[in-house]
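Chemist: What follows is a structure written as structure tokens; I'll ask about it next.
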Amino acid sequence: MKFDWHGGEISRTTEIDSDYRNTQNVRRFLSHQCGPDFKFDREFMAWVRNGTTKNMGDVADEWMVRAKRG
């Protein structure tokens with residue numbers, strides 16, 4: 001079953017699927033997980049969509065690692 005990226009309830013265990021979209025719902029979730037400085041960039045988006053199995057918790061954790069690196 002496809003996940004509704006626009007209105008579905010996102011949790012850290014929500015799997016990234018081939019229909020993943022950067023919706024306002026996703027931005028809200030990641031801002032809540034990562035803080036108000038959260039933003040998408042091309043390199044990060046390429047990592048999110050690289051085809052490797054991951055969930056939204058992995059995405060939030062990766063953003064935090066990248067943010068600490070500067």
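Chain labels run A, B, ... following the order of the structure tokens; each chain numbers its residues from 1, and ligands are numbered from 1 in the order shown.
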From range 8-40 of chain A, collect each residue whose DSSP state is alpha helix (DSSP H) and return the set as JSON, numbers by chain.
Modeler: {"A": [24, 25, 26, 27, 28, 29, 30, 31, 32, 33, 34]}
Chemist: Just want the 7 Å neighbourhood of range 19-29 of chain A, counted on only C-alpha atoms, with same-chain residues fewer than 3 positions away dropped. Output as a list in words.
Modeler: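 Once the nearby chain positions are removed, what remains is Trp5, His6, Gly7, Ile10, Ile16, His32 and Gln33 of chain A.
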Chemist: Find, counting only C-alpha atoms, the residue in A:Asp37, A:Arg42, A:Thr13, A:Met1 that gets nearest to Val59 in chain A.
Modeler: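 Residue with the minimum atom-to-atom distance to Val59 in chain A: A:Thr13.
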Chemist: As an exercise, work out the distance from CA of Glu15 in chain A to CA of Gly70 in chain A in Å and give it to one decimal place.
Modeler: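 Between CA of Glu15 in chain A and CA of Gly70 in chain A the gap works out to 26.7 Å.
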Chemist: Skip range 52-54 of chain A itself and residues of its chain fewer than 2 positions away, then list as a ChimeraX atom specification all residues within 12 Å of it, counting only C-alpha atoms.
Modeler: /A:12-18,20,46-50,56-62
Chemist: Output N, CA and C atoms of each residue in that selection to a file, as an mmCIF file, in the first residue's frame.
Modeler:
```cif
data_model
loop_
_atom_site.group_PDB
_atom_site.id
_atom_site.type_symbol
_atom_site.label_atom_id
_atom_site.label_comp_id
_atom_site.auth_asym_id
_atom_site.auth_seq_id
_atom_site.Cartn_x
_atom_site.Cartn_y
_atom_site.Cartn_z
ATOM 1 N N ARG A 12 9.109 7.887 12.743
ATOM 2 C CA ARG A 12 10.495 7.517 12.440
ATOM 3 C C ARG A 12 10.579 6.177 11.711
ATOM 4 N N THR A 13 9.550 5.342 11.826
ATOM 5 C CA THR A 13 9.576 4.037 11.164
ATOM 6 C C THR A 13 8.918 4.048 9.787
ATOM 7 N N THR A 14 8.415 5.195 9.355
ATOM 8 C CA THR A 14 7.800 5.285 8.022
ATOM 9 C C THR A 14 8.873 5.033 6.965
ATOM 10 N N GLU A 15 8.646 4.009 6.142
ATOM 11 C CA GLU A 15 9.606 3.629 5.100
ATOM 12 C C GLU A 15 9.566 4.605 3.926
ATOM 13 N N ILE A 16 10.742 4.918 3.394
ATOM 14 C CA ILE A 16 10.836 5.712 2.170
ATOM 15 C C ILE A 16 10.513 4.760 1.022
ATOM 16 N N ASP A 17 9.551 5.141 0.181
ATOM 17 C CA ASP A 17 9.195 4.292 -0.960
ATOM 18 C C ASP A 17 9.455 5.045 -2.260
ATOM 19 N N SER A 18 9.178 4.397 -3.369
ATOM 20 C CA SER A 18 9.452 5.006 -4.676
ATOM 21 C C SER A 18 8.557 6.206 -4.951
ATOM 22 N N TYR A 20 8.000 8.575 -2.694
ATOM 23 C CA TYR A 20 8.359 9.608 -1.721
ATOM 24 C C TYR A 20 8.315 10.990 -2.358
ATOM 25 N N ALA A 46 19.528 13.787 -2.840
ATOM 26 C CA ALA A 46 20.078 12.665 -3.608
ATOM 27 C C ALA A 46 20.281 11.460 -2.689
ATOM 28 N N TRP A 47 20.747 11.704 -1.465
ATOM 29 C CA TRP A 47 20.927 10.616 -0.509
ATOM 30 C C TRP A 47 19.578 9.991 -0.141
ATOM 31 N N VAL A 48 18.562 10.825 0.108
ATOM 32 C CA VAL A 48 17.238 10.310 0.477
ATOM 33 C C VAL A 48 16.694 9.398 -0.618
ATOM 34 N N ARG A 49 16.882 9.786 -1.873
ATOM 35 C CA ARG A 49 16.268 9.069 -2.989
ATOM 36 C C ARG A 49 17.234 8.106 -3.691
ATOM 37 N N ASN A 50 18.314 7.688 -3.050
ATOM 38 C CA ASN A 50 19.329 6.872 -3.724
ATOM 39 C C ASN A 50 18.957 5.401 -3.899
ATOM 40 N N MET A 56 12.126 7.201 7.801
ATOM 41 C CA MET A 56 12.227 8.618 8.117
ATOM 42 C C MET A 56 13.130 8.888 9.312
ATOM 43 N N GLY A 57 13.270 7.929 10.209
ATOM 44 C CA GLY A 57 14.229 8.066 11.300
ATOM 45 C C GLY A 57 15.651 8.128 10.770
ATOM 46 N N ASP A 58 15.953 7.283 9.773
ATOM 47 C CA ASP A 58 17.273 7.312 9.141
ATOM 48 C C ASP A 58 17.521 8.664 8.483
ATOM 49 N N VAL A 59 16.487 9.197 7.843
ATOM 50 C CA VAL A 59 16.600 10.491 7.155
ATOM 51 C C VAL A 59 16.892 11.597 8.169
ATOM 52 N N ALA A 60 16.139 11.630 9.251
ATOM 53 C CA ALA A 60 16.359 12.648 10.283
ATOM 54 C C ALA A 60 17.756 12.516 10.886
ATOM 55 N N ASP A 61 18.169 11.297 11.180
ATOM 56 C CA ASP A 61 19.493 11.076 11.769
ATOM 57 C C ASP A 61 20.602 11.521 10.821
ATOM 58 N N GLU A 62 20.453 11.220 9.531
ATOM 59 C CA GLU A 62 21.460 11.618 8.544
ATOM 60 C C GLU A 62 21.544 13.138 8.444
#
```
Chemist: Name the closest residue to Glu43 in chain A among the candidates A:Leu30, A:Gly8, A:Trp63, A:Arg69; distances are taken between atoms, counting only C-alpha atoms.
Modeler: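 Closest residue, counting only C-alpha atoms: A:Trp63.
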Chemist: Grab the CA of Ser11 in chain A to CA of Arg66 in chain A distance for me, in Å with one decimal place.
Modeler: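 Between CA of Ser11 in chain A and CA of Arg66 in chain A the gap is 20.6 Å.
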Chemist: So how far away is CA of Asp4 in chain A from CA of Ala67 in chain A, in Å?
Modeler: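 That distance, rounded to one decimal, is 27.6 Å.
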